[in-house]
Each structure stands twice: as C-alpha cells, then as structure tokens.
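K.L.:
As input, take protein.pdb (PDB, C-alpha atoms):
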```
ATOM      1  CA  MET R   1      81.952 -63.881 -43.584
ATOM      2  CA  SER R   2      78.736 -64.371 -41.610
ATOM      3  CA  ALA R   3      76.838 -67.656 -41.328
ATOM      4  CA  ALA R   4      73.948 -68.227 -43.693
ATOM      5  CA  LEU R   5      70.464 -67.780 -42.332
ATOM      6  CA  PRO R   6      68.505 -71.005 -41.803
ATOM      7  CA  ASN R   7      66.191 -71.938 -44.659
ATOM      8  CA  PRO R   8      62.807 -73.177 -43.347
ATOM      9  CA  LYS R   9      62.131 -74.871 -46.693
ATOM     10  CA  LEU R  10      64.928 -77.300 -45.922
ATOM     11  CA  GLU R  11      63.601 -78.266 -42.478
ATOM     12  CA  ALA R  12      61.830 -81.610 -42.095
ATOM     13  CA  HIS R  13      58.897 -80.023 -40.217
ATOM     14  CA  PRO R  14      58.945 -76.265 -40.755
ATOM     15  CA  GLY R  15      56.601 -74.109 -38.719
ATOM     16  CA  SER R  16      53.600 -72.700 -40.496
ATOM     17  CA  ASN R  17      53.064 -69.024 -41.091
ATOM     18  CA  THR R  18      50.039 -69.589 -43.319
ATOM     19  CA  GLU R  19      47.555 -69.144 -40.478
ATOM     20  CA  LYS R  20      47.583 -66.184 -38.167
ATOM     21  CA  ASP R  21      44.992 -65.103 -35.626
ATOM     22  CA  PRO R  22      42.865 -62.405 -37.301
ATOM     23  CA  ASP R  23      43.253 -60.269 -34.170
ATOM     24  CA  GLU R  24      46.974 -60.073 -34.973
ATOM     25  CA  TRP R  25      46.560 -59.035 -38.618
ATOM     26  CA  VAL R  26      48.176 -55.719 -39.496
ATOM     27  CA  SER R  27      45.275 -54.972 -41.849
ATOM     28  CA  GLY R  28      42.582 -56.559 -39.647
ATOM     29  CA  ASP R  29      40.886 -53.246 -38.948
ATOM     30  CA  GLU R  30      40.437 -52.449 -42.637
ATOM     31  CA  PRO R  31      37.007 -53.034 -44.211
ATOM     32  CA  MET R  32      36.290 -56.590 -45.327
ATOM     33  CA  THR R  33      37.147 -57.360 -48.919
ATOM     34  CA  GLY R  34      34.614 -57.925 -51.663
ATOM     35  CA  ALA R  35      35.563 -61.599 -51.716
ATOM     36  CA  GLN R  36      34.941 -61.906 -47.977
ATOM     37  CA  SER R  37      31.575 -60.185 -48.319
ATOM     38  CA  SER R  38      30.512 -62.459 -51.167
ATOM     39  CA  TYR R  39      31.660 -65.629 -49.384
ATOM     40  CA  LEU R  40      29.962 -64.555 -46.148
ATOM     41  CA  THR R  41      26.706 -63.950 -47.982
ATOM     42  CA  THR R  42      26.897 -67.425 -49.535
ATOM     43  CA  LEU R  43      27.726 -69.074 -46.202
ATOM     44  CA  CYS R  44      24.890 -67.205 -44.478
ATOM     45  CA  GLU R  45      22.455 -68.465 -47.110
ATOM     46  CA  GLU R  46      23.717 -72.036 -46.676
ATOM     47  CA  ALA R  47      23.504 -71.778 -42.878
ATOM     48  CA  GLY R  48      20.073 -70.143 -42.990
ATOM     49  CA  VAL R  49      21.181 -67.114 -41.001
ATOM     50  CA  GLN R  50      20.890 -63.386 -41.563
ATOM     51  CA  ALA R  51      23.348 -61.838 -44.017
ATOM     52  CA  PRO R  52      26.418 -60.233 -42.474
ATOM     53  CA  PRO R  53      26.141 -56.628 -41.366
ATOM     54  CA  ALA R  54      27.798 -53.994 -43.505
ATOM     55  CA  GLY R  55      30.947 -52.472 -42.128
ATOM     56  CA  LEU R  56      32.678 -55.603 -40.832
ATOM     57  CA  SER R  57      36.452 -55.452 -40.646
ATOM     58  CA  LYS R  58      38.656 -58.013 -42.374
ATOM     59  CA  ALA R  59      39.325 -59.691 -39.033
ATOM     60  CA  GLU R  60      35.647 -59.785 -38.046
ATOM     61  CA  ALA R  61      34.697 -61.185 -41.446
ATOM     62  CA  SER R  62      37.378 -63.865 -41.211
ATOM     63  CA  LYS R  63      36.131 -64.980 -37.798
ATOM     64  CA  MET R  64      32.537 -65.073 -39.031
ATOM     65  CA  ILE R  65      33.599 -67.099 -42.082
ATOM     66  CA  ASP R  66      35.336 -69.635 -39.822
ATOM     67  CA  GLU R  67      32.248 -69.927 -37.597
ATOM     68  CA  LEU R  68      29.883 -70.372 -40.532
ATOM     69  CA  LYS R  69      32.150 -72.879 -42.261
ATOM     70  CA  ALA R  70      32.070 -74.992 -39.107
ATOM     71  CA  GLN R  71      28.301 -74.612 -38.895
ATOM     72  CA  VAL R  72      27.677 -75.790 -42.471
ATOM     73  CA  GLY R  73      30.290 -78.555 -42.298
ATOM     74  CA  LEU R  74      33.034 -76.943 -44.354
ATOM     75  CA  ASP R  75      35.475 -76.644 -41.436
ATOM     76  CA  LYS R  76      38.726 -78.394 -42.308
ATOM     77  CA  ASP R  77      39.027 -79.645 -38.727
ATOM     78  CA  ALA R  78      35.560 -81.229 -38.865
ATOM     79  CA  ARG R  79      36.609 -83.745 -41.514
TER      80      ARG R  79
END
```
Could you render the structure from this file as structure tokens?

P.N.:
Amino acid sequence: MSAALPNPKLEAHPGSNTEKDPDEWVSGDEPMTGAQSSYLTTLCEEAGVQAPPAGLSKAEASKMIDELKAQVGLDKDAR
C-alpha cells in the first residue's frame, strides 16, 4: 500500500494557490471576460481615465484592474 498524499488543508500554514501571475495563466491570452470589461469600465470612470481598449486579453485586463484598484484606493495591500 502506498503512503497517502499530504493534505494541504491540514497544514498549519498552507501555501496559497489563489493568486497566480496573469502572465502564467493558461487562459491569459483569451479575450477578457464581460465581467472584467464591466469592472474595468467602472474603475476607469472612478479613476478619471480613458475606458479600456477593446481586445484586451484576460491577463492584460487583470493587470489593468490591479493598477486601477491601487490608483483609486481599492488595493488590498494599500489598507
């Protein structure tokens, strides 16, 4: 019988796989989602910048969202 695989849920400080660099996303080259487009438009309005260009990839949209969130004070690290 082989040994059981480790269960990260049982570790005191498991590593996080919830955040991954958008450049490493398997689907990063796909067109941005409708949700990303809508959120980007809202963030652009709040930041007073031009709306995002059409044709952004998921990865590009994610990076732009992170930048705009920091700019308007919604960045989790800015708290």

K.L.:
Which residues come within 7 Å of stretch 34-40 of chain R, counting only C-alpha atoms, excluding same-chain residues fewer than 5 positions away, as a PyMOL selection string?

P.N.:
chain R and resi 52+61+65

K.L.:
Choose the residue, out of R:Asp29, R:Leu10, R:Leu68, R:Lys63, that has the smallest atom-to-atom separation from R:Gln50; count only C-alpha atoms.

P.N.:
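Smallest separation from R:Gln50 among the options: R:Leu68.
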
K.L.:
So how far away is atom CA of R:Glu46 from atom CA of R:Val72, in Å?

P.N.:
6.9 Å

K.L.:
Tell me, in Å to one decimal, how far atom CA of R:Pro31 is from atom CA of R:Ser62.

P.N.:
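Between these atoms lies a distance of 11.2 Å.
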
K.L.:
Please write the residues picked by the PyMOL selection byres ((chain R and resi 28) around 8) on this file as a PyMOL selection string.

P.N.:
chain R and resi 22-27+29-30+57-60

K.L.:
Using Å and a single decimal, report how far atom CA of R:Gln71 sits from atom CA of R:Gly48.

P.N.:
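Separation between atom CA of R:Gly48 and atom CA of R:Gln71: 10.2 Å.
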
K.L.:
Can you rebuild stretch 37-58 of chain R with N, CA and C atoms and give it as a JSON list (two decimals), in the frame of the given file?

P.N.:
```json
[["chain", "number", "residue", "atom", "x", "y", "z"],
["R", 37, "SER", "N", 32.99, -60.52, -48.36],
["R", 37, "SER", "CA", 31.58, -60.18, -48.32],
["R", 37, "SER", "C", 30.75, -61.19, -49.13],
["R", 38, "SER", "N", 31.22, -61.51, -50.31],
["R", 38, "SER", "CA", 30.51, -62.46, -51.17],
["R", 38, "SER", "C", 30.46, -63.84, -50.53],
["R", 39, "TYR", "N", 31.60, -64.31, -50.00],
["R", 39, "TYR", "CA", 31.66, -65.63, -49.38],
["R", 39, "TYR", "C", 30.79, -65.68, -48.13],
["R", 40, "LEU", "N", 30.81, -64.61, -47.33],
["R", 40, "LEU", "CA", 29.96, -64.56, -46.15],
["R", 40, "LEU", "C", 28.49, -64.63, -46.51],
["R", 41, "THR", "N", 28.10, -63.93, -47.55],
["R", 41, "THR", "CA", 26.71, -63.95, -47.98],
["R", 41, "THR", "C", 26.30, -65.37, -48.38],
["R", 42, "THR", "N", 27.17, -66.04, -49.13],
["R", 42, "THR", "CA", 26.90, -67.42, -49.54],
["R", 42, "THR", "C", 26.80, -68.34, -48.33],
["R", 43, "LEU", "N", 27.74, -68.23, -47.40],
["R", 43, "LEU", "CA", 27.73, -69.07, -46.20],
["R", 43, "LEU", "C", 26.49, -68.81, -45.35],
["R", 44, "CYS", "N", 26.09, -67.54, -45.24],
["R", 44, "CYS", "CA", 24.89, -67.20, -44.48],
["R", 44, "CYS", "C", 23.66, -67.85, -45.10],
["R", 45, "GLU", "N", 23.57, -67.83, -46.42],
["R", 45, "GLU", "CA", 22.46, -68.46, -47.11],
["R", 45, "GLU", "C", 22.45, -69.96, -46.84],
["R", 46, "GLU", "N", 23.62, -70.60, -46.92],
["R", 46, "GLU", "CA", 23.72, -72.04, -46.68],
["R", 46, "GLU", "C", 23.38, -72.40, -45.23],
["R", 47, "ALA", "N", 23.75, -71.52, -44.30],
["R", 47, "ALA", "CA", 23.50, -71.78, -42.88],
["R", 47, "ALA", "C", 22.10, -71.35, -42.45],
["R", 48, "GLY", "N", 21.42, -70.61, -43.32],
["R", 48, "GLY", "CA", 20.07, -70.14, -42.99],
["R", 48, "GLY", "C", 20.07, -69.05, -41.92],
["R", 49, "VAL", "N", 21.10, -68.22, -41.96],
["R", 49, "VAL", "CA", 21.18, -67.11, -41.00],
["R", 49, "VAL", "C", 21.15, -65.79, -41.74],
["R", 50, "GLN", "N", 20.96, -64.73, -40.98],
["R", 50, "GLN", "CA", 20.89, -63.39, -41.56],
["R", 50, "GLN", "C", 22.22, -63.02, -42.21],
["R", 51, "ALA", "N", 22.15, -62.30, -43.31],
["R", 51, "ALA", "CA", 23.35, -61.84, -44.02],
["R", 51, "ALA", "C", 24.22, -61.00, -43.09],
["R", 52, "PRO", "N", 25.52, -60.98, -43.36],
["R", 52, "PRO", "CA", 26.42, -60.23, -42.47],
["R", 52, "PRO", "C", 26.13, -58.73, -42.51],
["R", 53, "PRO", "N", 26.35, -58.08, -41.38],
["R", 53, "PRO", "CA", 26.14, -56.63, -41.37],
["R", 53, "PRO", "C", 27.20, -55.92, -42.19],
["R", 54, "ALA", "N", 26.83, -54.81, -42.77],
["R", 54, "ALA", "CA", 27.80, -53.99, -43.50],
["R", 54, "ALA", "C", 28.79, -53.40, -42.52],
["R", 55, "GLY", "N", 29.97, -53.14, -42.97],
["R", 55, "GLY", "CA", 30.95, -52.47, -42.13],
["R", 55, "GLY", "C", 31.82, -53.38, -41.29],
["R", 56, "LEU", "N", 31.79, -54.70, -41.56],
["R", 56, "LEU", "CA", 32.68, -55.60, -40.83],
["R", 56, "LEU", "C", 34.13, -55.33, -41.24],
["R", 57, "SER", "N", 35.03, -55.55, -40.32],
["R", 57, "SER", "CA", 36.45, -55.45, -40.65],
["R", 57, "SER", "C", 36.91, -56.77, -41.25],
["R", 58, "LYS", "N", 38.10, -56.78, -41.82],
["R", 58, "LYS", "CA", 38.66, -58.01, -42.37],
["R", 58, "LYS", "C", 38.74, -59.10, -41.31]]
```
